[in-house]
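Novice: Dropping in data_38.tsv, which is TSV, C-alpha atoms:
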```tsv
chain	number	residue	atom	x	y	z
A	27	MET	CA	11.54	7.16	25.15
A	28	ARG	CA	8.38	5.05	24.83
A	29	TYR	CA	7.04	7.44	22.16
A	30	LEU	CA	10.31	7.30	20.23
A	31	ARG	CA	10.18	3.52	20.30
A	32	SER	CA	6.54	3.48	19.13
A	33	PHE	CA	7.40	5.98	16.39
A	34	GLY	CA	10.32	3.83	15.20
A	35	LEU	CA	8.23	0.65	15.33
A	36	PHE	CA	5.47	2.33	13.32
A	37	TRP	CA	7.85	3.30	10.50
A	38	TRP	CA	9.60	-0.09	10.62
A	39	ASP	CA	6.23	-1.80	10.18
A	40	PHE	CA	5.18	0.73	7.53
A	41	VAL	CA	8.24	0.21	5.32
A	42	VAL	CA	9.61	-3.23	6.21
A	43	GLY	CA	6.39	-5.00	7.25
A	44	ASP	CA	5.98	-8.65	8.24
A	45	ASP	CA	9.09	-10.07	6.59
A	46	TRP	CA	12.40	-8.27	7.17
A	47	ARG	CA	14.15	-10.77	4.87
A	48	VAL	CA	12.36	-9.20	1.89
A	49	ALA	CA	13.78	-5.77	2.72
A	50	ALA	CA	17.25	-7.26	3.34
A	51	GLY	CA	17.18	-9.14	0.01
A	52	LEU	CA	16.14	-5.98	-1.82
A	53	ALA	CA	18.93	-3.97	-0.17
A	54	VAL	CA	21.52	-6.54	-1.31
A	55	ALA	CA	20.06	-6.61	-4.87
A	56	LEU	CA	20.07	-2.80	-5.13
A	57	ALA	CA	23.65	-2.60	-3.83
A	58	LEU	CA	24.81	-5.25	-6.36
A	59	THR	CA	23.01	-3.45	-9.19
A	60	TRP	CA	24.72	-0.19	-8.22
A	61	LEU	CA	28.16	-1.87	-8.08
A	62	LEU	CA	27.69	-3.58	-11.49
A	63	ALA	CA	26.43	-0.36	-13.09
A	64	ARG	CA	29.46	1.54	-11.75
A	65	ALA	CA	31.72	-1.12	-13.27
A	66	ASP	CA	29.97	-0.58	-16.65
A	67	VAL	CA	28.46	-4.08	-16.58
A	68	THR	CA	24.92	-4.47	-17.97
A	69	ALA	CA	22.83	-4.84	-14.82
A	70	TRP	CA	19.17	-4.14	-15.70
A	71	TRP	CA	18.29	-7.86	-15.39
A	72	LEU	CA	19.42	-8.18	-11.78
A	73	LEU	CA	16.58	-6.39	-9.95
A	74	PRO	CA	13.69	-8.18	-11.73
A	75	ILE	CA	15.26	-11.58	-11.02
A	76	ALA	CA	16.04	-10.66	-7.41
A	77	VAL	CA	12.47	-9.43	-6.86
A	78	GLY	CA	11.11	-12.69	-8.28
A	79	LEU	CA	13.30	-14.79	-5.98
A	80	VAL	CA	12.65	-12.68	-2.88
A	81	LEU	CA	8.88	-12.69	-3.46
A	82	ALA	CA	8.67	-16.42	-4.18
A	83	GLU	CA	10.79	-17.26	-1.11
A	84	SER	CA	8.77	-14.98	1.18
A	85	VAL	CA	5.46	-16.45	-0.03
A	86	ARG	CA	6.85	-20.01	0.30
A	87	ARG	CA	7.86	-19.35	3.92
A	88	GLU	CA	4.44	-17.93	4.78
A	89	VAL	CA	2.65	-20.87	3.13
A	90	ARG	CA	4.80	-23.39	4.95
A	91	SER	CA	4.19	-21.78	8.34
A	92	SER	CA	0.46	-21.50	7.56
A	93	GLU	CA	0.36	-25.23	6.75
A	94	GLU	CA	2.31	-26.08	9.91
A	95	ARG	CA	-0.15	-24.04	12.00
A	96	ARG	CA	-3.05	-26.01	10.52
A	97	ASP	CA	-1.40	-29.40	10.64
A	98	PRO	CA	1.32	-29.35	13.32
B	22	MET	CA	2.72	10.19	-21.46
B	23	SER	CA	2.38	6.51	-20.57
B	24	HIS	CA	4.16	7.27	-17.29
B	25	SER	CA	1.60	9.98	-16.48
B	26	ILE	CA	-1.31	7.61	-17.18
B	27	LEU	CA	0.28	4.90	-15.05
B	28	LEU	CA	1.00	7.44	-12.32
B	29	PHE	CA	-2.66	8.52	-12.35
B	30	LEU	CA	-3.99	4.94	-12.37
B	31	THR	CA	-1.68	3.73	-9.59
B	32	THR	CA	-2.38	6.69	-7.32
B	33	PHE	CA	-6.13	6.55	-8.05
B	34	ALA	CA	-6.42	2.80	-7.37
B	35	ALA	CA	-4.28	2.89	-4.21
B	36	SER	CA	-6.22	5.89	-2.89
B	37	ALA	CA	-9.57	4.26	-3.71
B	38	VAL	CA	-8.68	1.09	-1.79
B	39	GLU	CA	-7.54	2.99	1.30
B	40	ALA	CA	-10.50	5.41	1.06
B	41	VAL	CA	-12.94	2.47	1.06
B	42	GLU	CA	-11.36	1.18	4.29
B	43	ALA	CA	-11.38	4.63	5.91
B	44	LEU	CA	-15.01	5.17	4.85
B	45	THR	CA	-16.04	1.94	6.60
B	46	ILE	CA	-14.52	3.12	9.90
B	47	VAL	CA	-15.99	6.64	9.62
B	48	LEU	CA	-19.46	5.35	8.69
B	49	ALA	CA	-19.56	2.85	11.56
B	50	VAL	CA	-18.62	5.50	14.14
B	51	GLY	CA	-20.78	8.26	12.60
B	52	VAL	CA	-23.93	6.13	12.33
B	53	VAL	CA	-23.70	4.86	15.92
B	54	ARG	CA	-22.41	7.92	17.81
B	55	GLY	CA	-23.32	10.94	15.67
B	56	TRP	CA	-21.55	12.88	12.96
B	57	ARG	CA	-20.21	16.08	14.54
B	58	SER	CA	-17.18	14.75	16.43
B	59	THR	CA	-16.60	12.08	13.77
B	60	LEU	CA	-16.36	14.66	10.99
B	61	VAL	CA	-14.10	16.90	13.11
B	62	GLY	CA	-11.79	13.87	13.42
B	63	VAL	CA	-11.90	13.29	9.65
B	64	GLY	CA	-11.13	17.00	9.03
B	65	ALA	CA	-8.19	17.01	11.46
B	66	ALA	CA	-6.65	13.91	9.86
B	67	THR	CA	-7.11	15.40	6.39
B	68	VAL	CA	-5.26	18.57	7.47
B	69	VAL	CA	-2.34	16.48	8.85
B	70	LEU	CA	-2.14	14.44	5.60
B	71	ALA	CA	-2.30	17.57	3.43
B	72	ALA	CA	0.50	19.13	5.51
B	73	PHE	CA	2.59	15.94	5.06
B	74	VAL	CA	2.22	16.08	1.26
B	75	ALA	CA	2.70	19.89	1.11
B	76	ALA	CA	5.89	19.73	3.20
B	77	LEU	CA	7.52	16.61	1.80
B	78	GLY	CA	6.55	16.98	-1.89
B	79	PRO	CA	8.40	20.27	-2.60
B	80	ALA	CA	11.28	19.28	-0.28
B	81	LEU	CA	11.96	16.17	-2.39
B	82	ARG	CA	12.38	18.36	-5.49
B	83	LEU	CA	15.65	19.59	-3.98
B	84	VAL	CA	17.13	16.06	-4.00
B	85	PRO	CA	19.13	15.13	-7.15
B	86	ILE	CA	16.89	13.03	-9.42
B	87	ASP	CA	19.11	9.90	-9.49
B	88	SER	CA	19.43	9.80	-5.70
B	89	LEU	CA	15.68	10.43	-5.39
B	90	ARG	CA	14.86	7.61	-7.80
B	91	PHE	CA	17.19	5.22	-5.98
B	92	VAL	CA	15.65	5.94	-2.56
B	93	VAL	CA	12.07	6.09	-3.86
B	94	GLY	CA	12.64	2.92	-5.90
B	95	ALA	CA	13.94	1.09	-2.81
B	96	LEU	CA	11.01	2.29	-0.68
B	97	LEU	CA	8.44	1.43	-3.36
B	98	LEU	CA	9.95	-2.02	-3.75
B	99	ALA	CA	9.76	-2.71	-0.01
B	100	PHE	CA	6.28	-1.22	0.21
B	101	GLY	CA	4.96	-2.73	-3.05
B	102	LEU	CA	6.19	-6.22	-2.22
B	103	GLN	CA	4.27	-6.06	1.08
B	104	TRP	CA	1.05	-5.35	-0.87
B	105	LEU	CA	1.84	-7.98	-3.48
B	106	ARG	CA	2.80	-10.69	-0.99
B	107	LYS	CA	-0.46	-10.22	0.95
B	108	ALA	CA	-2.48	-10.04	-2.29
B	109	ILE	CA	-0.97	-13.32	-3.58
B	110	LEU	CA	-1.62	-15.07	-0.25
B	111	ARG	CA	-5.22	-13.75	-0.23
B	112	ALA	CA	-5.88	-14.65	-3.86
B	113	SER	CA	-4.60	-18.18	-3.30
B	114	GLY	CA	-6.60	-18.67	-0.09
B	115	TYR	CA	-3.70	-18.69	2.39
B	116	LYS	CA	-4.79	-15.41	3.99
B	117	PRO	CA	-8.39	-14.37	4.67
B	118	LEU	CA	-9.89	-11.91	2.18
B	119	HIS	CA	-10.58	-8.39	3.40
B	120	ASP	CA	-14.34	-8.00	4.02
B	121	GLU	CA	-15.78	-4.48	4.45
B	122	GLY	CA	-19.12	-5.82	5.73
B	123	GLU	CA	-17.39	-7.62	8.58
B	124	ALA	CA	-15.13	-4.62	9.30
B	125	PHE	CA	-18.22	-2.38	9.48
B	126	ALA	CA	-20.00	-4.74	11.90
B	127	ARG	CA	-16.93	-4.96	14.15
B	128	GLU	CA	-16.32	-1.18	14.23
B	129	ARG	CA	-20.03	-0.63	14.89
B	130	ALA	CA	-20.09	-3.06	17.82
B	131	GLN	CA	-17.02	-1.38	19.35
B	132	ALA	CA	-18.58	2.08	18.91
B	133	GLU	CA	-21.77	0.92	20.65
B	134	ASP	CA	-19.85	-0.58	23.59
B	135	ALA	CA	-17.58	2.45	24.20
B	136	SER	CA	-18.46	4.95	26.95
B	137	ARG	CA	-20.52	7.98	25.87
B	138	ALA	CA	-19.05	10.67	28.16
B	139	GLU	CA	-18.55	14.01	26.30
B	140	VAL	CA	-15.85	16.53	27.21
B	141	ALA	CA	-16.06	20.16	25.97
B	142	GLY	CA	-19.01	19.19	23.75
B	143	MET	CA	-16.94	16.60	21.89
B	144	ASP	CA	-17.32	12.85	21.81
B	145	TRP	CA	-13.60	12.03	21.94
B	146	TYR	CA	-14.14	8.36	21.11
B	147	SER	CA	-15.67	9.30	17.74
B	148	PHE	CA	-13.00	11.93	17.12
B	149	THR	CA	-10.11	9.60	17.93
B	150	VAL	CA	-11.37	6.60	15.95
B	151	ALA	CA	-12.19	8.72	12.88
B	152	PHE	CA	-8.88	10.64	13.14
B	153	LYS	CA	-6.79	7.49	13.53
B	154	GLY	CA	-8.67	5.60	10.82
B	155	VAL	CA	-8.33	8.34	8.21
B	156	LEU	CA	-4.72	9.16	9.18
B	157	LEU	CA	-3.45	5.57	9.10
B	158	GLU	CA	-5.26	4.62	5.89
B	159	GLY	CA	-4.35	8.00	4.34
B	160	LEU	CA	-0.67	7.80	5.20
B	161	GLU	CA	-0.06	5.03	2.67
B	162	VAL	CA	-1.83	7.13	0.03
B	163	ALA	CA	0.14	10.25	0.99
B	164	PHE	CA	3.36	8.23	0.72
B	165	ILE	CA	2.45	6.99	-2.77
B	166	VAL	CA	1.34	10.49	-3.88
B	167	VAL	CA	4.59	12.10	-2.67
B	168	THR	CA	6.96	9.43	-4.04
B	169	PHE	CA	5.26	9.02	-7.42
B	170	GLY	CA	4.61	12.73	-7.85
B	171	SER	CA	8.13	13.85	-6.91
B	172	THR	CA	9.98	11.21	-8.91
B	173	GLN	CA	7.97	12.03	-12.05
B	174	GLY	CA	7.93	15.77	-11.38
B	175	ARG	CA	4.11	15.55	-11.44
B	176	LEU	CA	3.11	16.08	-7.81
B	177	GLY	CA	0.00	18.02	-8.89
B	178	LEU	CA	-1.25	15.12	-11.03
B	179	ALA	CA	-0.65	12.64	-8.21
B	180	VAL	CA	-2.57	14.85	-5.75
B	181	VAL	CA	-5.46	15.19	-8.23
B	182	ALA	CA	-5.59	11.39	-8.74
B	183	GLY	CA	-5.61	10.75	-4.99
B	184	ALA	CA	-8.26	13.42	-4.33
B	185	ALA	CA	-10.43	12.18	-7.23
B	186	ALA	CA	-10.44	8.66	-5.77
B	187	VAL	CA	-11.49	9.97	-2.35
B	188	VAL	CA	-14.31	12.05	-3.91
B	189	VAL	CA	-15.58	9.05	-5.93
B	190	VAL	CA	-15.50	6.73	-2.88
B	191	VAL	CA	-17.25	9.27	-0.62
B	192	ALA	CA	-19.90	9.92	-3.31
B	193	LEU	CA	-20.52	6.18	-3.67
B	194	GLY	CA	-20.73	5.89	0.12
B	195	LEU	CA	-23.40	8.63	0.19
B	196	VAL	CA	-25.39	6.87	-2.55
B	197	VAL	CA	-25.12	3.41	-0.99
B	198	ARG	CA	-25.46	4.75	2.60
B	199	GLY	CA	-23.24	1.96	3.86
B	200	PRO	CA	-19.83	0.34	3.50
B	201	LEU	CA	-18.74	-0.34	-0.08
B	202	MET	CA	-18.77	-4.12	0.04
B	203	ARG	CA	-18.99	-4.60	-3.72
B	204	VAL	CA	-15.77	-2.76	-4.58
B	205	PRO	CA	-13.30	-5.48	-5.74
B	206	GLU	CA	-10.85	-4.41	-3.05
B	207	ASN	CA	-8.67	-7.52	-3.08
B	208	THR	CA	-8.28	-7.40	-6.87
B	209	LEU	CA	-7.44	-3.68	-6.72
B	210	LYS	CA	-4.79	-4.35	-4.07
B	211	PHE	CA	-3.26	-7.03	-6.29
B	212	GLY	CA	-3.07	-4.54	-9.19
B	213	VAL	CA	-1.63	-1.77	-7.04
B	214	GLY	CA	0.96	-4.17	-5.62
B	215	VAL	CA	2.04	-5.07	-9.17
B	216	LEU	CA	2.34	-1.39	-10.17
B	217	LEU	CA	4.19	-0.27	-7.02
B	218	THR	CA	6.67	-3.15	-7.32
B	219	SER	CA	7.20	-2.49	-11.05
B	220	PHE	CA	7.90	1.21	-10.53
B	221	GLY	CA	10.18	0.27	-7.62
B	222	ILE	CA	12.22	-2.01	-9.93
B	223	PHE	CA	12.31	0.60	-12.69
B	224	TRP	CA	13.25	3.64	-10.60
B	225	GLY	CA	15.49	1.65	-8.25
B	226	GLY	CA	17.40	0.41	-11.30
B	227	GLU	CA	17.60	3.86	-12.89
B	228	GLY	CA	18.76	5.40	-9.62
B	229	ALA	CA	21.48	2.73	-9.35
B	230	GLY	CA	22.74	3.75	-12.80
B	231	VAL	CA	21.11	1.07	-14.95
B	232	SER	CA	20.09	1.80	-18.57
B	233	TRP	CA	16.84	0.00	-19.37
B	234	PRO	CA	16.62	-1.57	-22.83
B	235	GLY	CA	14.18	0.56	-24.84
B	236	GLY	CA	14.33	3.46	-22.35
B	237	ASP	CA	11.12	4.56	-20.59
B	238	ILE	CA	8.96	2.08	-22.50
B	239	ALA	CA	10.69	-0.72	-20.54
B	240	ILE	CA	8.34	0.02	-17.64
B	241	LEU	CA	5.58	-1.77	-19.59
B	242	GLY	CA	7.77	-4.87	-19.84
B	243	VAL	CA	8.56	-4.70	-16.12
B	244	ILE	CA	4.83	-4.44	-15.29
B	245	ALA	CA	4.05	-7.43	-17.53
B	246	TYR	CA	6.85	-9.43	-15.88
B	247	VAL	CA	5.72	-8.65	-12.31
B	248	ALA	CA	2.06	-9.34	-13.20
B	249	LEU	CA	2.86	-12.71	-14.81
B	250	LEU	CA	5.14	-13.69	-11.94
B	251	SER	CA	2.45	-12.83	-9.37
B	252	LEU	CA	-0.28	-14.67	-11.30
B	253	ALA	CA	1.97	-17.72	-11.70
B	254	LEU	CA	2.73	-17.76	-7.94
B	255	THR	CA	-1.00	-17.42	-7.16
B	256	ARG	CA	-1.84	-20.28	-9.50
B	257	MET	CA	0.82	-22.55	-8.04
B	258	LEU	CA	-0.40	-21.87	-4.49
B	259	ARG	CA	-4.04	-22.43	-5.46
B	260	ARG	CA	-3.12	-25.86	-6.85
B	261	ARG	CA	-1.30	-26.70	-3.64
B	262	ARG	CA	-4.14	-25.53	-1.42
B	263	PRO	CA	-7.30	-27.65	-2.23
B	264	ALA	CA	-6.52	-30.27	0.39
B	265	LEU	CA	-6.67	-27.65	3.17
B	266	GLU	CA	-9.65	-26.07	4.94
B	267	PRO	CA	-10.92	-22.77	3.40
B	268	VAL	CA	-9.79	-19.61	5.17
B	269	PRO	CA	-12.73	-17.45	6.28
B	270	THR	CA	-13.01	-13.78	5.23
B	271	ARG	CA	-11.57	-11.20	7.57
B	272	ALA	CA	-12.32	-7.58	8.26
```
Could you render the structure from this file as structure tokens?
Specialist:
Amino acid sequence: MRYLRSFGLFWWDFVVGDDWRVAAGLAVALALTWLLARADVTAWWLLPIAVGLVLAESVRREVRSSEERRDP
Amino acid sequence: MSHSILLFLTTFAASAVEAVEALTIVLAVGVVRGWRSTLVGVGAATVVLAAFVAALGPALRLVPIDSLRFVVGALLLAFGLQWLRKAILRASGYKPLHDEGEAFARERAQAEDASRAEVAGMDWYSFTVAFKGVLLEGLEVAFIVVTFGSTQGRLGLAVVAGAAAVVVVVALGLVVRGPLMRVPENTLKFGVGVLLTSFGIFWGGEGAGVSWPGGDIAILGVIAYVALLSLALTRMLRRRRPALEPVPTRA
């Protein structure tokens, strides 16, 4: 059981990494893109914008917590 | 054609970065404790990685291309954004830069402190550290080789690019006889993060049923967009940072 848990944790860390919100945001963006494309709506713009927002938000959170650690 | 060049460059750069890190670990253990068990560990890890690529690469060819691109795109996005996020934080000074010299010194000190008992003629400390180091650093490369190669139908080219990077790094290591501290590792990681994220957007979109304006050539626009976005974020964070203490380098 312990090995299974370690194995799962390894792959979680490998794919998802430090910030699970990034992976969750990407999953939502991909699902929306798929839905729009199925409805014949032009959707190529959605992923680049979503990636920009998710990345900026993740970096902002890390910076804020880094600043709080230095200057509590 | 441009996809093949980008595939080669991405796989080569990612493999070079990880090979530099693996070389540091192997050198530190080999120099301190001897080469026999260390090289057996390197060989064993290489066999496991080759088996991973050989098993998964052909298996992925059986998956329909749109489904494959969707899954690979999603994985590359998650994976690429991890690289890019760390690279932006390092470039702007919010995370310590990776330093091979420091990593070498730390691995070397640990290798000197560890017990020297041999079992069945093998120094299992050297074997385990070399095996783990090469396997963990190599797994990211194997993942990139398999996903890029399968999605483009050019697994052979991806394997050649990865192997070429390892050969170049090992050759440089033999010439320098030490860790490769002058390789611009942090810059390379930034570039690889941009490329992985861009291909993730492109293939993820295609797999979801999107038609890119301009067809395949749109990948160049996506790369330019991700690169500019990352540079802009880095610049904004650098401007915000001067009032804070500098972050030291980290192994």
Novice: Hey, which bits of chain B sit within 7 Å of chain A, and for each residue what's the closest pair of atoms and how far apart in Å (one decimal), counting only C-alpha atoms, rows by chain and increasing number, as CSV?
Specialist:
```
residue,atom,partner,partner_atom,distance
B:Leu96,CA,A:Val41,CA,6.9
B:Ala99,CA,A:Ala49,CA,5.7
B:Phe100,CA,A:Val41,CA,5.7
B:Gln103,CA,A:Gly43,CA,6.6
B:Arg106,CA,A:Val85,CA,6.4
B:Tyr115,CA,A:Val89,CA,6.8
B:Ile222,CA,A:Leu73,CA,6.2
B:Gly226,CA,A:Trp70,CA,6.6
B:Ala229,CA,A:Trp60,CA,4.5
B:Gly230,CA,A:Ala63,CA,5.5
B:Val231,CA,A:Trp70,CA,5.6
B:Ser232,CA,A:Trp70,CA,6.7
B:Trp233,CA,A:Trp70,CA,6.0
```
Novice: Between B:Ala75, B:Val247, B:Pro117, B:Val92, which residue has the minimum interatomic distance to B:Val213, considering only C-alpha atoms?
Specialist: B:Val247
Novice: As a ChimeraX atom specification, please: the residues near stretch 203-208 of chain B (cut-off 8 Å, all atoms listed in the file, same-chain neighbours under 4 positions excluded).
Specialist: /B:38,108,111-112,118-119,212
Novice: Nearest to B:Val150 among B:Val191, B:Ala135, B:Ala239, B:Leu105, with distances taken over all atoms listed in the file: which residue is it?
Specialist: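 Distance minimum relative to B:Val150 lands on B:Ala135.
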Novice: Would you pick out the contacts of B:Gly159 at 7 Å or less, using all atoms listed in the file, so that residues sharing its chain but fewer than 3 positions from it are not included, and give the list as a list in words?
Specialist: Glu39, Leu70, Val155, Leu156, Val162 and Ala163 of chain B
Novice: Give me, as a list in words, all polymer residues having an atom no more than 7 Å from stretch 50-54 of chain B, counting only C-alpha atoms and skipping those fewer than 3 positions away in the same chain.
Specialist: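 Near neighbours after the sequence-gap exclusion: Ile46, Val47, Thr59, Arg129, Ala132, Glu133 and Ser147 of chain B.
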Novice: Could you state the separation of atom CA of B:Leu157 and atom CA of B:Ala124 in Å, given to one decimal place?
Specialist: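 Value for the atom CA of B:Leu157-atom CA of B:Ala124 distance: 15.5 Å.
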Novice: Find the distance between atom CA of B:Asp144 and atom CA of B:Gly194 and write it in Å to one decimal.
Specialist: 23.0 Å
Novice: Between B:Val215, B:Ala72, B:Leu48, B:Val243, which residue has the minimum interatomic distance to B:Gly154, considering only C-alpha atoms?
Specialist: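 Smallest distance to B:Gly154 is found for B:Leu48.
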Novice: Mind checking which residues fall within 9 Å of B:Phe73, counting all atoms listed in the file, ignoring those fewer than 6 positions away in the same chain, and posting them as a list in words?
Specialist: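 Once the adjacent positions are removed, what remains is Leu160, Ala163, Phe164 and Val167 of chain B.
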Novice: Please produce an output containing C-alpha atoms for each residue in the selection, written as a CSV table (one decimal), in the frame of the given file.
Specialist:
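Once written, selection-v7.csv looks like this:
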```
chain,number,residue,atom,x,y,z
B,160,LEU,CA,-0.7,7.8,5.2
B,163,ALA,CA,0.1,10.2,1.0
B,164,PHE,CA,3.4,8.2,0.7
B,167,VAL,CA,4.6,12.1,-2.7
```
Novice: Please, what distance in Å, to one decimal, runs between atom CA of B:Trp145 and atom CA of B:Glu123?
Specialist: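 Separation of atom CA of B:Trp145 and atom CA of B:Glu123: 24.1 Å.
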Novice: Which is closest to B:Glu161 among A:Glu83, A:Arg95, A:Trp37, A:Arg47, if we use all atoms listed in the file?
Specialist: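 Among A:Glu83, A:Arg95, A:Trp37, A:Arg47, it is A:Trp37 that comes nearest to B:Glu161.
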Novice: Given 6 Å on each side, where is the centre and what are the edge lengths in Å to one decimal of the axis-aligned box enclosing the listed atoms of stretch 117-123 of chain B, as AutoDock Vina command-line options?
Specialist:
```
--center_x -13.8 --center_y -9.4 --center_z 5.4 --size_x 22.7 --size_y 21.9 --size_z 18.4
```
Novice: Mind listing whatever residues come within 6 Å of the point (-2.4, -10.8, -7.3)? Use all atoms listed in the file, file coordinates, and give them as a list in words.
Specialist: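 The distance filter leaves exactly Ala108, Ile109, Phe211, Ser251 and Leu252 of chain B.
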